[in-house]
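Undergrad: First the structure, which I've put down as structure tokens, then a few questions once you've had a look.
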Amino acid sequence: MLKGKLAHQGYDWWWHSFTAVNRLTQEEKPFFIEFFVCNPAIAEEAPTFGQHPVNPKKPSYLMVKAGCWKTPMQLHRFVPWKDITLKADAPYSIQADDCFCSDTMTYGCVSVTGQQAEDHPEWMCDAGTIEWNLTISKEVAFHVGYGAGKLFRDLNAFEMYWHAEGMKSMYEGTVTLNGEVYDVIRDRSYGYADKNWGSNFTSPWIWLSSCSMTSKLTGKKLENSVFDIGGGRPKVFGVALDRKLLGAFWYEGEEYEYNFSKFWTGVKTVFDAKETEDRIVWDITQENTNSVMETHIECFKKDMLLVNYESPDGKKRHNRLWNGGNGTGTIRLYKKNDKNRTLIDEILCDHVGCEYGEYDSK
């Protein structure tokens, strides 16, 4: 997506998150892998960084970002554009040295020593080593509508775009974290994949998604269900809209969508996200002309990380962007008829990918 103006000031990323099982202890741990590229038109021989303490510049690089939640860790590896092989048209692929990502597989390694992390604050990461080799099967997509269509892409209408082509995805393979091997088992991976691109980020920044759900009414696992909510305060042609979210619930094969860009569906959204002493809490109510979705999710801060990104202009505006992979909560889904509501199901959610943050006020 980094063409025209976005080639000089833009980012494009491919995000993957999933759960794996420690081969020795059988403990579950959620992981993430991301390939993040920015500003190809201003590339230099080596990666450039907006957070460099001596010589800050507009950033230009591939950042391979990988890590985990529960004992949270984020590791970053940076590659200059000259060393990237990128197939930009669908089906995409991107490779740099021994790191690779496509729609169907990803493998790679990121290793940062404690001394490197201390000497390079511009890397914005922790110390550790992670390796992975995974296959990817994207089962259910959330197409957000004309807002991410060709016309609005060509016009660079939005400051931040989102497309969840794998809001329910299956991963399979292995991850090795600091020498410990984790097995990624297809039916227990609870996977998610999306992409974001644009010229800047949103504030507030909200994301919630899970395909690990159980009906409280029947006690049965919902094997063909997934929900995904994202957004905050989008900007269109530089004008900030009121607080808005995009949301979809694929409930046992039937789709319930809450998409503000499809104005004819009468979507209304009220949301609140807050930081308490020990957790992040999200409360979201979305409705359209025929249904209502009430979502309550919580995640303990000790299991989350403050995820680090710098904007393509070199500024780091999000310094308290909470990011997690093992949130829990409930969803109440209702059919709506005139002013009456009929409960379709109350659902327990776990393995919830979650995010919340707002720009620094200063």
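A note on labels: chains of the structure tokens are A, B, ... as shown, every chain counts residues from 1, and ligands are counted from 1 in their shown order.
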Do a neighbour search on Val175 in chain A at 7 Å with only C-alpha atoms, toss out local chain neighbours closer than 2 positions, and write the hits as a VMD selection string.
TA: chain A and resid 131 to 133 177 181 to 183
Undergrad: Now that the selection is made, can you save its residues with N, CA, C and O atoms as a short mmCIF file (atom, residue, chain, number, x, y, z; two decimals), in the first residue's frame?
TA:
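out.cif, written as the output of this step:
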data_model
loop_
_atom_site.label_atom_id
_atom_site.label_comp_id
_atom_site.auth_asym_id
_atom_site.auth_seq_id
_atom_site.Cartn_x
_atom_site.Cartn_y
_atom_site.Cartn_z
N GLU A 131 12.28 -17.79 17.67
CA GLU A 131 12.30 -18.37 16.33
C GLU A 131 10.94 -19.00 16.07
O GLU A 131 10.29 -19.49 17.00
N TRP A 132 10.50 -19.00 14.81
CA TRP A 132 9.20 -19.59 14.49
C TRP A 132 9.19 -20.14 13.07
O TRP A 132 9.94 -19.70 12.21
N ASN A 133 8.35 -21.13 12.88
CA ASN A 133 8.09 -21.71 11.55
C ASN A 133 6.64 -22.18 11.56
O ASN A 133 6.31 -23.17 12.22
N LEU A 177 11.15 -19.97 22.18
CA LEU A 177 11.33 -18.72 22.92
C LEU A 177 12.41 -18.93 23.98
O LEU A 177 12.22 -19.73 24.91
N VAL A 181 10.70 -24.78 23.62
CA VAL A 181 9.93 -25.08 22.41
C VAL A 181 8.44 -25.08 22.73
O VAL A 181 7.99 -25.69 23.72
N TYR A 182 7.68 -24.41 21.89
CA TYR A 182 6.22 -24.37 21.99
C TYR A 182 5.63 -24.93 20.70
O TYR A 182 6.06 -24.57 19.60
N ASP A 183 4.66 -25.81 20.85
CA ASP A 183 3.95 -26.37 19.71
C ASP A 183 2.70 -25.54 19.42
O ASP A 183 1.91 -25.25 20.33
#
Undergrad: For Lys70 in chain A, please output as a JSON list (two decimals) with all heavy atoms, in the first residue's frame all residues within 8 Å (counting only C-alpha atoms; exclusion window: fewer than 5 positions along the same chain).
TA:
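File part_3.json, as written:
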[["chain", "number", "residue", "atom", "x", "y", "z"],
["A", 29, "LYS", "N", 0.68, -20.30, 26.02],
["A", 29, "LYS", "CA", 1.23, -18.96, 25.97],
["A", 29, "LYS", "C", 0.82, -18.31, 24.64],
["A", 29, "LYS", "O", 0.97, -18.93, 23.58],
["A", 29, "LYS", "CB", 2.76, -18.96, 26.10],
["A", 29, "LYS", "CG", 3.36, -17.54, 26.08],
["A", 29, "LYS", "CD", 4.88, -17.59, 26.22],
["A", 29, "LYS", "CE", 5.31, -17.86, 27.63],
["A", 29, "LYS", "NZ", 5.00, -16.73, 28.53],
["A", 30, "PRO", "N", 0.30, -17.07, 24.69],
["A", 30, "PRO", "CA", -0.04, -16.38, 23.45],
["A", 30, "PRO", "C", 1.17, -15.64, 22.87],
["A", 30, "PRO", "O", 1.96, -15.05, 23.62],
["A", 30, "PRO", "CB", -1.13, -15.39, 23.89],
["A", 30, "PRO", "CG", -0.88, -15.17, 25.35],
["A", 30, "PRO", "CD", -0.17, -16.38, 25.89],
["A", 302, "LYS", "N", -0.48, -7.30, 34.10],
["A", 302, "LYS", "CA", 0.75, -8.08, 34.27],
["A", 302, "LYS", "C", 1.00, -9.03, 33.11],
["A", 302, "LYS", "O", 2.14, -9.46, 32.88],
["A", 302, "LYS", "CB", 0.70, -8.86, 35.58],
["A", 302, "LYS", "CG", -0.37, -9.95, 35.65],
["A", 302, "LYS", "CD", -0.35, -10.70, 36.96],
["A", 302, "LYS", "CE", -1.45, -11.75, 37.04],
["A", 302, "LYS", "NZ", -1.36, -12.76, 35.97],
["A", 303, "ASP", "N", -0.06, -9.37, 32.38],
["A", 303, "ASP", "CA", 0.06, -10.27, 31.23],
["A", 303, "ASP", "C", 0.25, -9.51, 29.91],
["A", 303, "ASP", "O", 0.47, -10.13, 28.88],
["A", 303, "ASP", "CB", -1.20, -11.14, 31.09],
["A", 303, "ASP", "CG", -1.36, -12.13, 32.22],
["A", 303, "ASP", "OD1", -0.34, -12.47, 32.85],
["A", 303, "ASP", "OD2", -2.49, -12.55, 32.48],
["A", 304, "MET", "N", 0.14, -8.18, 29.96],
["A", 304, "MET", "CA", 0.17, -7.36, 28.75],
["A", 304, "MET", "C", 1.51, -6.64, 28.62],
["A", 304, "MET", "O", 2.34, -6.65, 29.53],
["A", 304, "MET", "CB", -0.98, -6.33, 28.79],
["A", 304, "MET", "CG", -2.35, -6.94, 29.03],
["A", 304, "MET", "SD", -3.66, -5.70, 29.18],
["A", 304, "MET", "CE", -3.87, -5.19, 27.48],
["A", 326, "ASN", "N", -4.51, -12.57, 26.03],
["A", 326, "ASN", "CA", -5.26, -13.56, 26.81],
["A", 326, "ASN", "C", -6.34, -12.87, 27.65],
["A", 326, "ASN", "O", -6.53, -13.19, 28.82],
["A", 326, "ASN", "CB", -4.31, -14.39, 27.68],
["A", 326, "ASN", "CG", -3.49, -13.55, 28.64],
["A", 326, "ASN", "OD1", -2.99, -12.50, 28.26],
["A", 326, "ASN", "ND2", -3.35, -14.02, 29.87]]
Undergrad: Enumerate, in order of chain and increasing residue number, the residues of range 116-224 of chain A with an atom no farther than 10 Å from range 280-290 of chain A, each with its shortest atom pair and distance in Å to one decimal, counting only C-alpha atoms, as JSON lines.
TA:
{"residue": "A:Ile206", "atom": "CA", "partner": "A:Trp282", "partner_atom": "CA", "distance": 8.8}
{"residue": "A:Trp207", "atom": "CA", "partner": "A:Trp282", "partner_atom": "CA", "distance": 9.6}
{"residue": "A:Leu208", "atom": "CA", "partner": "A:Trp282", "partner_atom": "CA", "distance": 8.8}
Undergrad: I need the chosen residues saved as an mmCIF file, in the first residue's frame, with N, CA and C atoms.
TA:
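Output (selection-v8.cif):
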data_model
loop_
_atom_site.group_PDB
_atom_site.id
_atom_site.type_symbol
_atom_site.label_atom_id
_atom_site.label_comp_id
_atom_site.auth_asym_id
_atom_site.auth_seq_id
_atom_site.Cartn_x
_atom_site.Cartn_y
_atom_site.Cartn_z
ATOM 1 N N ILE A 206 -8.439 1.020 19.762
ATOM 2 C CA ILE A 206 -9.189 -0.104 20.340
ATOM 3 C C ILE A 206 -9.076 -1.305 19.409
ATOM 4 N N TRP A 207 -8.807 -2.463 19.988
ATOM 5 C CA TRP A 207 -8.887 -3.718 19.230
ATOM 6 C C TRP A 207 -9.246 -4.841 20.185
ATOM 7 N N LEU A 208 -10.216 -5.674 19.777
ATOM 8 C CA LEU A 208 -10.628 -6.867 20.507
ATOM 9 C C LEU A 208 -10.979 -7.952 19.504
#
Undergrad: Using only C-alpha atoms, find the one residue out of A:Asp228, A:Asp119, A:Asp103, A:Glu165 that sits nearest to Tyr256 in chain A.
TA: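 Counting only C-alpha atoms, the residue closest to Tyr256 in chain A is A:Asp228.
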Undergrad: DSSP on the backbone, then: every residue of range 113-226 of chain A marked alpha helix (DSSP H), written as a PDB file with all heavy atoms, in the first residue's frame.
TA:
ATOM      1  N   GLY A 114      20.809  -8.272  25.834  1.00  0.00           N
ATOM      2  CA  GLY A 114      20.553  -7.231  26.822  1.00  0.00           C
ATOM      3  C   GLY A 114      21.378  -5.982  26.558  1.00  0.00           C
ATOM      4  O   GLY A 114      20.894  -4.854  26.717  1.00  0.00           O
ATOM      5  N   GLN A 115      22.632  -6.170  26.138  1.00  0.00           N
ATOM      6  CA  GLN A 115      23.487  -5.023  25.849  1.00  0.00           C
ATOM      7  C   GLN A 115      22.980  -4.245  24.641  1.00  0.00           C
ATOM      8  O   GLN A 115      22.986  -3.011  24.641  1.00  0.00           O
ATOM      9  CB  GLN A 115      24.922  -5.501  25.604  1.00  0.00           C
ATOM     10  CG  GLN A 115      25.936  -4.362  25.536  1.00  0.00           C
ATOM     11  CD  GLN A 115      26.061  -3.621  26.857  1.00  0.00           C
ATOM     12  OE1 GLN A 115      26.299  -4.226  27.901  1.00  0.00           O
ATOM     13  NE2 GLN A 115      25.882  -2.298  26.831  1.00  0.00           N
ATOM     14  N   GLN A 116      22.521  -4.961  23.616  1.00  0.00           N
ATOM     15  CA  GLN A 116      21.973  -4.289  22.431  1.00  0.00           C
ATOM     16  C   GLN A 116      20.728  -3.477  22.787  1.00  0.00           C
ATOM     17  O   GLN A 116      20.567  -2.341  22.329  1.00  0.00           O
ATOM     18  CB  GLN A 116      21.637  -5.321  21.356  1.00  0.00           C
ATOM     19  CG  GLN A 116      22.831  -5.914  20.654  1.00  0.00           C
ATOM     20  CD  GLN A 116      22.435  -7.015  19.679  1.00  0.00           C
ATOM     21  OE1 GLN A 116      21.540  -7.834  19.970  1.00  0.00           O
ATOM     22  NE2 GLN A 116      23.092  -7.058  18.534  1.00  0.00           N
ATOM     23  N   ALA A 117      19.837  -4.063  23.572  1.00  0.00           N
ATOM     24  CA  ALA A 117      18.622  -3.348  23.956  1.00  0.00           C
ATOM     25  C   ALA A 117      18.960  -2.087  24.741  1.00  0.00           C
ATOM     26  O   ALA A 117      18.317  -1.036  24.565  1.00  0.00           O
ATOM     27  CB  ALA A 117      17.711  -4.262  24.774  1.00  0.00           C
ATOM     28  N   GLU A 118      19.992  -2.160  25.587  1.00  0.00           N
ATOM     29  CA  GLU A 118      20.394  -0.996  26.377  1.00  0.00           C
ATOM     30  C   GLU A 118      21.071   0.059  25.511  1.00  0.00           C
ATOM     31  O   GLU A 118      20.843   1.266  25.685  1.00  0.00           O
ATOM     32  CB  GLU A 118      21.337  -1.454  27.486  1.00  0.00           C
ATOM     33  CG  GLU A 118      21.780  -0.337  28.416  1.00  0.00           C
ATOM     34  CD  GLU A 118      22.696  -0.835  29.519  1.00  0.00           C
ATOM     35  OE1 GLU A 118      22.698  -2.058  29.796  1.00  0.00           O
ATOM     36  OE2 GLU A 118      23.426   0.001  30.108  1.00  0.00           O
ATOM     37  N   ASP A 119      21.892  -0.394  24.544  1.00  0.00           N
ATOM     38  CA  ASP A 119      22.647   0.542  23.703  1.00  0.00           C
ATOM     39  C   ASP A 119      21.803   1.183  22.616  1.00  0.00           C
ATOM     40  O   ASP A 119      22.210   2.198  22.040  1.00  0.00           O
ATOM     41  CB  ASP A 119      23.831  -0.179  23.050  1.00  0.00           C
ATOM     42  CG  ASP A 119      24.909  -0.583  24.044  1.00  0.00           C
ATOM     43  OD1 ASP A 119      24.883  -0.063  25.183  1.00  0.00           O
ATOM     44  OD2 ASP A 119      25.750  -1.434  23.689  1.00  0.00           O
ATOM     45  N   LYS A 150     -10.857   0.715  -3.297  1.00  0.00           N
ATOM     46  CA  LYS A 150      -9.819   1.297  -4.151  1.00  0.00           C
ATOM     47  C   LYS A 150      -9.889   2.818  -4.206  1.00  0.00           C
ATOM     48  O   LYS A 150      -8.861   3.501  -4.130  1.00  0.00           O
ATOM     49  CB  LYS A 150      -9.919   0.716  -5.563  1.00  0.00           C
ATOM     50  CG  LYS A 150      -8.774   1.157  -6.475  1.00  0.00           C
ATOM     51  CD  LYS A 150      -8.855   0.492  -7.831  1.00  0.00           C
ATOM     52  CE  LYS A 150      -7.620   0.801  -8.668  1.00  0.00           C
ATOM     53  NZ  LYS A 150      -7.365   2.243  -8.819  1.00  0.00           N
ATOM     54  N   LEU A 151     -11.085   3.385  -4.345  1.00  0.00           N
ATOM     55  CA  LEU A 151     -11.202   4.840  -4.455  1.00  0.00           C
ATOM     56  C   LEU A 151     -10.630   5.526  -3.220  1.00  0.00           C
ATOM     57  O   LEU A 151      -9.818   6.451  -3.316  1.00  0.00           O
ATOM     58  CB  LEU A 151     -12.661   5.243  -4.659  1.00  0.00           C
ATOM     59  CG  LEU A 151     -12.935   6.758  -4.653  1.00  0.00           C
ATOM     60  CD1 LEU A 151     -12.184   7.436  -5.793  1.00  0.00           C
ATOM     61  CD2 LEU A 151     -14.432   7.033  -4.744  1.00  0.00           C
ATOM     62  N   PHE A 152     -11.034   5.063  -2.032  1.00  0.00           N
ATOM     63  CA  PHE A 152     -10.565   5.697  -0.804  1.00  0.00           C
ATOM     64  C   PHE A 152      -9.090   5.411  -0.543  1.00  0.00           C
ATOM     65  O   PHE A 152      -8.396   6.226   0.069  1.00  0.00           O
ATOM     66  CB  PHE A 152     -11.431   5.253   0.384  1.00  0.00           C
ATOM     67  CG  PHE A 152     -12.745   5.972   0.464  1.00  0.00           C
ATOM     68  CD1 PHE A 152     -13.804   5.622  -0.360  1.00  0.00           C
ATOM     69  CD2 PHE A 152     -12.923   7.017   1.359  1.00  0.00           C
ATOM     70  CE1 PHE A 152     -15.013   6.291  -0.297  1.00  0.00           C
ATOM     71  CE2 PHE A 152     -14.127   7.696   1.433  1.00  0.00           C
ATOM     72  CZ  PHE A 152     -15.174   7.330   0.596  1.00  0.00           C
ATOM     73  N   ARG A 153      -8.601   4.267  -1.029  1.00  0.00           N
ATOM     74  CA  ARG A 153      -7.159   4.008  -0.939  1.00  0.00           C
ATOM     75  C   ARG A 153      -6.389   4.951  -1.843  1.00  0.00           C
ATOM     76  O   ARG A 153      -5.380   5.538  -1.444  1.00  0.00           O
ATOM     77  CB  ARG A 153      -6.847   2.551  -1.311  1.00  0.00           C
ATOM     78  CG  ARG A 153      -7.427   1.514  -0.371  1.00  0.00           C
ATOM     79  CD  ARG A 153      -6.714   0.174  -0.514  1.00  0.00           C
ATOM     80  NE  ARG A 153      -6.587  -0.280  -1.884  1.00  0.00           N
ATOM     81  CZ  ARG A 153      -7.451  -1.072  -2.507  1.00  0.00           C
ATOM     82  NH1 ARG A 153      -8.529  -1.499  -1.847  1.00  0.00           N
ATOM     83  NH2 ARG A 153      -7.251  -1.466  -3.743  1.00  0.00           N
ATOM     84  N   ASP A 154      -6.852   5.110  -3.087  1.00  0.00           N
ATOM     85  CA  ASP A 154      -6.164   5.980  -4.041  1.00  0.00           C
ATOM     86  C   ASP A 154      -6.136   7.427  -3.566  1.00  0.00           C
ATOM     87  O   ASP A 154      -5.183   8.163  -3.823  1.00  0.00           O
ATOM     88  CB  ASP A 154      -6.823   5.897  -5.420  1.00  0.00           C
ATOM     89  CG  ASP A 154      -6.614   4.548  -6.103  1.00  0.00           C
ATOM     90  OD1 ASP A 154      -5.741   3.785  -5.637  1.00  0.00           O
ATOM     91  OD2 ASP A 154      -7.341   4.250  -7.068  1.00  0.00           O
TER      92      ASP A 154
END
Undergrad: Which residue gives the smallest distance to Gly353 in chain A among A:Gly247, A:Gly191, A:Pro204, A:Gly231, with only C-alpha atoms counted?
TA: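 For Gly353 in chain A, the nearest of the candidates is A:Gly191.
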Undergrad: Pull the strand (DSSP E) assignments for range 3-218 of chain A out of DSSP run on the backbone, and list those residues as a ChimeraX atom specification.
TA: /A:11-22,28-38,61-68,73-79,85-87,93-96,99-102,105-112,128-142,160-177,180-184,191-198,205-210,212-215
Undergrad: List the neighbours of Thr113 in chain A out to 12 Å using only C-alpha atoms; skip same-chain residues closer than 6 positions along the sequence, and give me the result as a compact mmCIF listing (two decimals) with N, CA, C and O atoms, in the first residue's frame.
TA:
# COMPACT_ATOMS: atom_id res chain seq x y z
N LEU A 75 10.26 -8.11 20.80
CA LEU A 75 11.59 -8.09 20.21
C LEU A 75 11.50 -7.53 18.80
O LEU A 75 10.56 -7.85 18.05
N HIS A 76 12.47 -6.69 18.42
CA HIS A 76 12.44 -6.02 17.12
C HIS A 76 13.74 -6.28 16.35
O HIS A 76 14.83 -6.21 16.92
N ARG A 77 13.57 -6.56 15.08
CA ARG A 77 14.71 -6.71 14.16
C ARG A 77 14.47 -5.76 12.99
O ARG A 77 13.38 -5.76 12.41
N ASP A 119 21.89 -0.39 24.54
CA ASP A 119 22.65 0.54 23.70
C ASP A 119 21.80 1.18 22.62
O ASP A 119 22.21 2.20 22.04
N HIS A 120 20.65 0.59 22.30
CA HIS A 120 19.84 1.06 21.18
C HIS A 120 18.40 1.34 21.63
O HIS A 120 17.48 0.58 21.31
N TRP A 123 15.55 1.17 19.15
CA TRP A 123 14.93 -0.09 18.75
C TRP A 123 13.62 -0.34 19.50
O TRP A 123 12.82 -1.17 19.08
N CYS A 125 12.71 -1.98 22.22
CA CYS A 125 12.37 -3.39 22.45
C CYS A 125 13.09 -3.96 23.66
O CYS A 125 13.95 -3.32 24.27
N ASP A 126 12.72 -5.21 23.97
CA ASP A 126 13.31 -5.96 25.08
C ASP A 126 14.45 -6.82 24.55
O ASP A 126 14.83 -6.73 23.38
N ALA A 127 14.99 -7.65 25.43
CA ALA A 127 16.05 -8.60 25.08
C ALA A 127 15.49 -10.02 25.10
O ALA A 127 14.65 -10.36 25.93
N GLY A 128 15.98 -10.84 24.18
CA GLY A 128 15.57 -12.24 24.12
C GLY A 128 15.74 -12.78 22.72
O GLY A 128 16.20 -12.08 21.80
N THR A 129 15.36 -14.05 22.55
CA THR A 129 15.46 -14.71 21.25
C THR A 129 14.19 -15.49 20.97
O THR A 129 13.71 -16.23 21.84
N ILE A 130 13.66 -15.32 19.77
CA ILE A 130 12.47 -16.07 19.37
C ILE A 130 12.65 -16.54 17.93
O ILE A 130 13.15 -15.80 17.07
N ASN A 178 13.53 -18.24 23.81
CA ASN A 178 14.64 -18.36 24.76
C ASN A 178 14.97 -19.82 25.07
O ASN A 178 15.18 -20.20 26.23
